[in-house]
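Participant: My structure is below; once you've seen it, I'll send some questions.
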Amino acid sequence: MFGAPKCVELKLPREGASFCTQDCFKASWSSHKAVHLKAKCRRLDRTRHGKVSRTAQMPHFDWTGPLRPYPISKKRVVPAGIELPDWAVDGIPKIEPASDLQHVVEIKSAEKIARMRETNRIAREVLDAAARVVRPGVTTDEIDAVVHEATIAAGAYPSPLNYHFFPKSCCTSVNEVICHGIPDARKLEDGDIVNVDISLYYKGVHGDLNETFFVGNVDEASQQLVKCTYECLEKAIAIVKPGVRFREIGEIINRHATMSGLSVVKSYCGHGIGDLFHCAPNIPHYARNKAVGVMKAGQTFTIEPMINAGVWRDRMWPDGWTDVTADGKRSAQFEHTLLVTETGVEVLTARLPTSPKVFPWLN
């Protein structure tokens with residue numbers, strides 16, 4: 001019998017975490033990985049004085065930039081009557097990992113497309129509500145509270161909440177954080193940039209979008225990083241139509257980013273979306289990628305380039321979620337959910353006439 005190194009690291013009891021051979025471990029992994037997720041969640045959920053912090057003490061870690069983790073507030077409540085995804089209670093997606101839609105790109109019916117339009121419009125309105133409160137002195141936890149309340153007020157569920165045990169209702173990624181930042185008690189400071197990533201579940205389907213916002217007076221280099229990232233997404237959307245290969249998206253994004261002296265993150269990609277939060281197709285944002293397949297009318301997916309001021313490589317914080325640039329330089333991201341139409345593309349999460357005018361290049 002042996003205990004896998006990760007089981008030992010997570011301090012799992014030997015009962016249920018010991019295997020007779022490597023083949024035995026591999027055969028058990030599909031069910032055993034849920035034990036790892038629960039152990040990870042327990043680490044995250046240590047409670048001190050009503051606050052949840054990532055660890056009891058600041059972990060020993062080679063931080064790549066100036067940002068540090070702050071305490072996390074308790075999990076927000078979703079009222080009865082709101083339709084829940086299958087991970088809402090225990091943190092474990094059940095349908096998504098085993099679905100055929102991880103390998104086959106769904107062509108959605110007219111009825112499902114109508115639901116996708118409605119859900120993604122709500123997601124846009126929630127992101128707009130978050131954008132209106134971004135300013136120096138506001139904590140990312142306060143942004144999460146706005147997102148949570150706006151989501152449930154619309155009768156929707158915030159998809160990130162308890163997804164693989166993620167503790168909050170949106171992701172807030174500040175400065176060198178590439179993605180999946182956990183909203184916490186840190187106050188935004190003048191000169192920061194912050195990405196707010198909104199996903200929600202309504203009428204059986206998901207919506208997903210994000211934008212990177214300026215906090216107060218931001219330096220010229222950060223302004224150019226955010227503007228270039230926005231342009232990368234717009235240029236990628238412009239080529240979406242039936243018959244285009246998914247891999248071409250990465251070529252477009254990479255060309256524009258590198259021309260500006262920036263780099264494209266390779267560790268995360270866009271994804272299919274609908275009944276499932278994440279499914280086929282995968283949409284890499286970098287050049288010479290190996291994405292398979294071509295676009296067809298009725299498909300829905302996200303494009304969400306993450307662009308770094310320095311190197312493209314990333315590192316994960318000890319909380320298991322917060323992904324940061326390897327050199328501590330800043331990162332920006334924008335995301336839309338798209339529908340391929342017979343003649344081109346429809347941006348389901350497009351900005352509305354009422355969306356706050358926060359990007360100077362759009363004024």
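Please note that chains go A, B, ... in the order of the structure tokens, that every chain numbers its residues from 1, and that ligands are numbered from 1 in the order shown.
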Mind running range 156-259 of chain A against range 333-345 of chain A at 10 Å and telling me each contacting residue's nearest atom pair with the distance in Å (one decimal), counting only C-alpha atoms, chain and number ascending, as JSON lines?

Facilitator:
{"residue": "A:Ser173", "atom": "CA", "partner": "A:Gln333", "partner_atom": "CA", "distance": 9.2}
{"residue": "A:Ile178", "atom": "CA", "partner": "A:Gln333", "partner_atom": "CA", "distance": 7.6}
{"residue": "A:Cys179", "atom": "CA", "partner": "A:Gln333", "partner_atom": "CA", "distance": 8.1}
{"residue": "A:Val194", "atom": "CA", "partner": "A:Gln333", "partner_atom": "CA", "distance": 9.3}
{"residue": "A:Asn195", "atom": "CA", "partner": "A:Gln333", "partner_atom": "CA", "distance": 6.7}
{"residue": "A:Val196", "atom": "CA", "partner": "A:Gln333", "partner_atom": "CA", "distance": 9.1}
{"residue": "A:Asp197", "atom": "CA", "partner": "A:Glu335", "partner_atom": "CA", "distance": 8.2}
{"residue": "A:Ile198", "atom": "CA", "partner": "A:Glu335", "partner_atom": "CA", "distance": 9.6}
{"residue": "A:His206", "atom": "CA", "partner": "A:Thr337", "partner_atom": "CA", "distance": 9.7}
{"residue": "A:Gly207", "atom": "CA", "partner": "A:Thr337", "partner_atom": "CA", "distance": 7.0}
{"residue": "A:Asp208", "atom": "CA", "partner": "A:Thr337", "partner_atom": "CA", "distance": 6.0}
{"residue": "A:Leu209", "atom": "CA", "partner": "A:Glu335", "partner_atom": "CA", "distance": 4.8}
{"residue": "A:Asn210", "atom": "CA", "partner": "A:Glu335", "partner_atom": "CA", "distance": 4.9}
{"residue": "A:Glu211", "atom": "CA", "partner": "A:Phe334", "partner_atom": "CA", "distance": 4.7}
{"residue": "A:Thr212", "atom": "CA", "partner": "A:Gln333", "partner_atom": "CA", "distance": 6.0}
{"residue": "A:Phe213", "atom": "CA", "partner": "A:Gln333", "partner_atom": "CA", "distance": 9.7}
{"residue": "A:Leu225", "atom": "CA", "partner": "A:Gln333", "partner_atom": "CA", "distance": 9.4}
{"residue": "A:Val226", "atom": "CA", "partner": "A:Gln333", "partner_atom": "CA", "distance": 7.4}
{"residue": "A:Lys227", "atom": "CA", "partner": "A:Phe334", "partner_atom": "CA", "distance": 9.9}
{"residue": "A:Cys228", "atom": "CA", "partner": "A:Gln333", "partner_atom": "CA", "distance": 9.7}
{"residue": "A:Thr229", "atom": "CA", "partner": "A:Gln333", "partner_atom": "CA", "distance": 6.1}
{"residue": "A:Tyr230", "atom": "CA", "partner": "A:Phe334", "partner_atom": "CA", "distance": 6.0}
{"residue": "A:Glu231", "atom": "CA", "partner": "A:Phe334", "partner_atom": "CA", "distance": 9.2}
{"residue": "A:Cys232", "atom": "CA", "partner": "A:Phe334", "partner_atom": "CA", "distance": 8.7}
{"residue": "A:Leu233", "atom": "CA", "partner": "A:Phe334", "partner_atom": "CA", "distance": 6.7}
{"residue": "A:Glu234", "atom": "CA", "partner": "A:Phe334", "partner_atom": "CA", "distance": 9.4}
{"residue": "A:Ile237", "atom": "CA", "partner": "A:Val345", "partner_atom": "CA", "distance": 7.5}
{"residue": "A:Ala238", "atom": "CA", "partner": "A:Val345", "partner_atom": "CA", "distance": 8.0}
{"residue": "A:Ile239", "atom": "CA", "partner": "A:Gly344", "partner_atom": "CA", "distance": 8.1}
{"residue": "A:Val240", "atom": "CA", "partner": "A:Val345", "partner_atom": "CA", "distance": 5.8}
{"residue": "A:Lys241", "atom": "CA", "partner": "A:Gly344", "partner_atom": "CA", "distance": 4.1}
{"residue": "A:Pro242", "atom": "CA", "partner": "A:Glu342", "partner_atom": "CA", "distance": 6.7}
{"residue": "A:Gly243", "atom": "CA", "partner": "A:Gly344", "partner_atom": "CA", "distance": 9.9}

Participant: Excluding Thr139 in chain A and its own-chain neighbours fewer than 2 positions away, which residues fall within 8 Å of it when counting only C-alpha atoms? Please give them as a short mmCIF file (atom, residue, chain, number, x, y, z; two decimals) with C-alpha atoms, in the first residue's frame.

Facilitator:
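And here's selection-v8.cif as it stands now:
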data_model
loop_
_atom_site.label_atom_id
_atom_site.label_comp_id
_atom_site.auth_asym_id
_atom_site.auth_seq_id
_atom_site.Cartn_x
_atom_site.Cartn_y
_atom_site.Cartn_z
CA GLY A 137 -11.13 52.51 -1.17
CA ASP A 141 -15.37 41.80 -1.35
CA GLU A 142 -17.72 44.79 -1.62
CA ILE A 143 -17.70 44.33 -5.40
CA PRO A 183 -12.68 38.80 -3.65
CA ASP A 184 -11.32 39.75 -0.24
CA ALA A 185 -10.84 42.60 2.25
CA ARG A 186 -8.11 44.45 0.33
CA LYS A 187 -9.13 47.98 -0.61
CA LEU A 188 -8.55 49.01 -4.20
#

Participant: Within range 169-226 of chain A, find each residue whose DSSP state, derived from the backbone, is alpha helix (DSSP H), and express the selection as a ChimeraX atom specification.

Facilitator: /A:220-226

Participant: Name all residues at most 10 Å from range 101-116 of chain A (count only C-alpha atoms; drop same-chain ones fewer than 6 positions away) and give them as a PyMOL selection string.

Facilitator: chain A and resi 122+201-207+271-276+278-282+293-301+337-340+348-349

Participant: Take the residues that were just selected and, keeping N, CA and C atoms, output them as a CSV table (one decimal), in the first residue's frame.

Facilitator:
chain,number,residue,atom,x,y,z
A,122,ILE,N,-28.5,39.5,-18.7
A,122,ILE,CA,-28.5,39.7,-17.3
A,122,ILE,C,-27.0,39.7,-16.8
A,201,TYR,N,-26.1,31.6,-13.8
A,201,TYR,CA,-26.9,30.5,-14.3
A,201,TYR,C,-28.3,30.9,-14.2
A,202,TYR,N,-29.0,30.8,-15.3
A,202,TYR,CA,-30.4,31.3,-15.3
A,202,TYR,C,-31.2,30.5,-16.4
A,203,LYS,N,-32.3,30.0,-16.1
A,203,LYS,CA,-33.1,29.2,-17.0
A,203,LYS,C,-32.4,28.1,-17.6
A,204,GLY,N,-31.5,27.4,-16.8
A,204,GLY,CA,-30.8,26.2,-17.3
A,204,GLY,C,-29.6,26.5,-18.1
A,205,VAL,N,-29.1,27.7,-18.3
A,205,VAL,CA,-27.9,28.0,-19.1
A,205,VAL,C,-27.1,29.0,-18.4
A,206,HIS,N,-25.8,29.1,-18.8
A,206,HIS,CA,-24.8,30.0,-18.2
A,206,HIS,C,-24.5,31.2,-19.1
A,207,GLY,N,-24.2,32.3,-18.5
A,207,GLY,CA,-23.6,33.4,-19.2
A,207,GLY,C,-22.3,33.8,-18.6
A,271,HIS,N,-13.9,28.9,-24.0
A,271,HIS,CA,-14.6,27.6,-23.8
A,271,HIS,C,-16.0,27.7,-24.3
A,272,GLY,N,-16.5,26.5,-24.7
A,272,GLY,CA,-17.9,26.4,-25.0
A,272,GLY,C,-18.7,26.7,-23.7
A,273,ILE,N,-20.0,27.1,-23.9
A,273,ILE,CA,-20.9,27.4,-22.8
A,273,ILE,C,-22.3,27.2,-23.2
A,274,GLY,N,-23.1,26.9,-22.2
A,274,GLY,CA,-24.6,26.7,-22.5
A,274,GLY,C,-25.2,26.0,-21.2
A,275,ASP,N,-25.7,24.8,-21.4
A,275,ASP,CA,-26.2,24.0,-20.2
A,275,ASP,C,-25.0,23.8,-19.3
A,276,LEU,N,-23.8,23.7,-19.8
A,276,LEU,CA,-22.6,23.5,-19.0
A,276,LEU,C,-21.8,24.8,-18.9
A,278,HIS,N,-18.5,25.0,-18.6
A,278,HIS,CA,-17.3,24.9,-19.4
A,278,HIS,C,-17.4,23.6,-20.2
A,279,CYS,N,-17.3,23.7,-21.6
A,279,CYS,CA,-17.4,22.5,-22.4
A,279,CYS,C,-16.6,22.8,-23.7
A,280,ALA,N,-16.7,21.9,-24.7
A,280,ALA,CA,-16.1,22.1,-26.0
A,280,ALA,C,-16.8,23.3,-26.7
A,281,PRO,N,-16.1,24.1,-27.5
A,281,PRO,CA,-14.7,23.9,-27.9
A,281,PRO,C,-13.8,24.6,-27.0
A,282,ASN,N,-12.5,24.2,-27.0
A,282,ASN,CA,-11.5,25.0,-26.3
A,282,ASN,C,-11.0,26.1,-27.3
A,293,GLY,N,-11.3,21.8,-35.0
A,293,GLY,CA,-12.7,22.1,-35.4
A,293,GLY,C,-12.9,23.5,-36.0
A,294,VAL,N,-14.0,23.6,-36.6
A,294,VAL,CA,-14.4,24.9,-37.3
A,294,VAL,C,-15.7,25.4,-36.7
A,295,MET,N,-15.9,26.7,-36.9
A,295,MET,CA,-17.1,27.3,-36.4
A,295,MET,C,-18.3,27.0,-37.2
A,296,LYS,N,-19.5,26.8,-36.6
A,296,LYS,CA,-20.7,26.5,-37.3
A,296,LYS,C,-21.9,27.3,-36.6
A,297,ALA,N,-22.8,27.7,-37.4
A,297,ALA,CA,-24.0,28.4,-36.9
A,297,ALA,C,-24.6,27.7,-35.7
A,298,GLY,N,-24.9,28.4,-34.7
A,298,GLY,CA,-25.6,27.8,-33.5
A,298,GLY,C,-24.7,27.4,-32.4
A,299,GLN,N,-23.4,27.5,-32.6
A,299,GLN,CA,-22.4,27.3,-31.5
A,299,GLN,C,-22.3,28.5,-30.6
A,300,THR,N,-22.1,28.3,-29.3
A,300,THR,CA,-21.8,29.4,-28.4
A,300,THR,C,-20.5,29.1,-27.6
A,301,PHE,N,-19.7,30.1,-27.5
A,301,PHE,CA,-18.4,30.0,-26.8
A,301,PHE,C,-17.9,31.3,-26.4
A,337,THR,N,-19.3,36.3,-24.4
A,337,THR,CA,-19.9,35.1,-24.9
A,337,THR,C,-20.5,35.4,-26.2
A,338,LEU,N,-20.2,34.5,-27.2
A,338,LEU,CA,-20.5,34.7,-28.6
A,338,LEU,C,-21.5,33.6,-29.1
A,339,LEU,N,-22.3,34.0,-30.1
A,339,LEU,CA,-23.1,33.0,-30.8
A,339,LEU,C,-22.7,33.1,-32.3
A,340,VAL,N,-22.3,32.0,-32.9
A,340,VAL,CA,-22.0,32.0,-34.3
A,340,VAL,C,-23.4,32.0,-35.1
A,348,LEU,N,-23.4,38.0,-27.4
A,348,LEU,CA,-24.5,37.9,-26.5
A,348,LEU,C,-24.3,38.8,-25.2
A,349,THR,N,-23.1,39.1,-24.9
A,349,THR,CA,-22.8,39.9,-23.7
A,349,THR,C,-22.4,41.4,-24.1

Participant: Between CA of Ser222 in chain A and CA of Ile182 in chain A, what is the distance in Å, rounded to a tenth?

Facilitator: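 So the two atoms, CA of Ser222 in chain A and CA of Ile182 in chain A, lie 21.5 Å apart.
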
Participant: Go ahead and compute the interatomic distance for CA of Lys329 in chain A and CA of Tyr268 in chain A, in Å to one decimal.

Facilitator: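 Between CA of Lys329 in chain A and CA of Tyr268 in chain A the gap works out to 17.7 Å.
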
Participant: What are the DSSP strand (DSSP E) residues of range 116-174 of chain A, as an MDAnalysis selection string?

Facilitator: chainID A and resid 157:158 171:174

Participant: Expressed in Å to a single decimal, how great is the separation between CA of Asn308 in chain A and CA of Val264 in chain A?

Facilitator: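 Computed distance, CA of Asn308 in chain A to CA of Val264 in chain A, equals 6.3 Å.
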
Participant: If we count only C-alpha atoms, what is near His164 in chain A at a cut-off of 8 Å, once residues fewer than 5 positions away on the same chain are taken out, given as a PyMOL selection string?

Facilitator: chain A and resi 37+87+91-93

Participant: Restrict the selected residues to C-alpha atoms and save them as a PDB file, in the first residue's frame.

Facilitator:
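In the end it all went to selection_11.pdb:
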ATOM      1  CA  LEU A  37     -11.174  18.989  -3.580  1.00  0.00           C
ATOM      2  CA  TRP A  87     -22.318  22.014  -7.571  1.00  0.00           C
ATOM      3  CA  GLY A  91     -19.011  22.021  -4.544  1.00  0.00           C
ATOM      4  CA  ILE A  92     -18.627  19.198  -7.055  1.00  0.00           C
ATOM      5  CA  PRO A  93     -19.865  19.443 -10.669  1.00  0.00           C
TER       6      PRO A  93
END

Participant: Rank A:Glu176, A:Asp144, A:Glu346, A:Asp100 by their smallest atom-to-atom distance to Met306 in chain A, using only C-alpha atoms, and report the top residue only.

Facilitator: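 Among the listed residues, A:Glu176 lies closest to Met306 in chain A.
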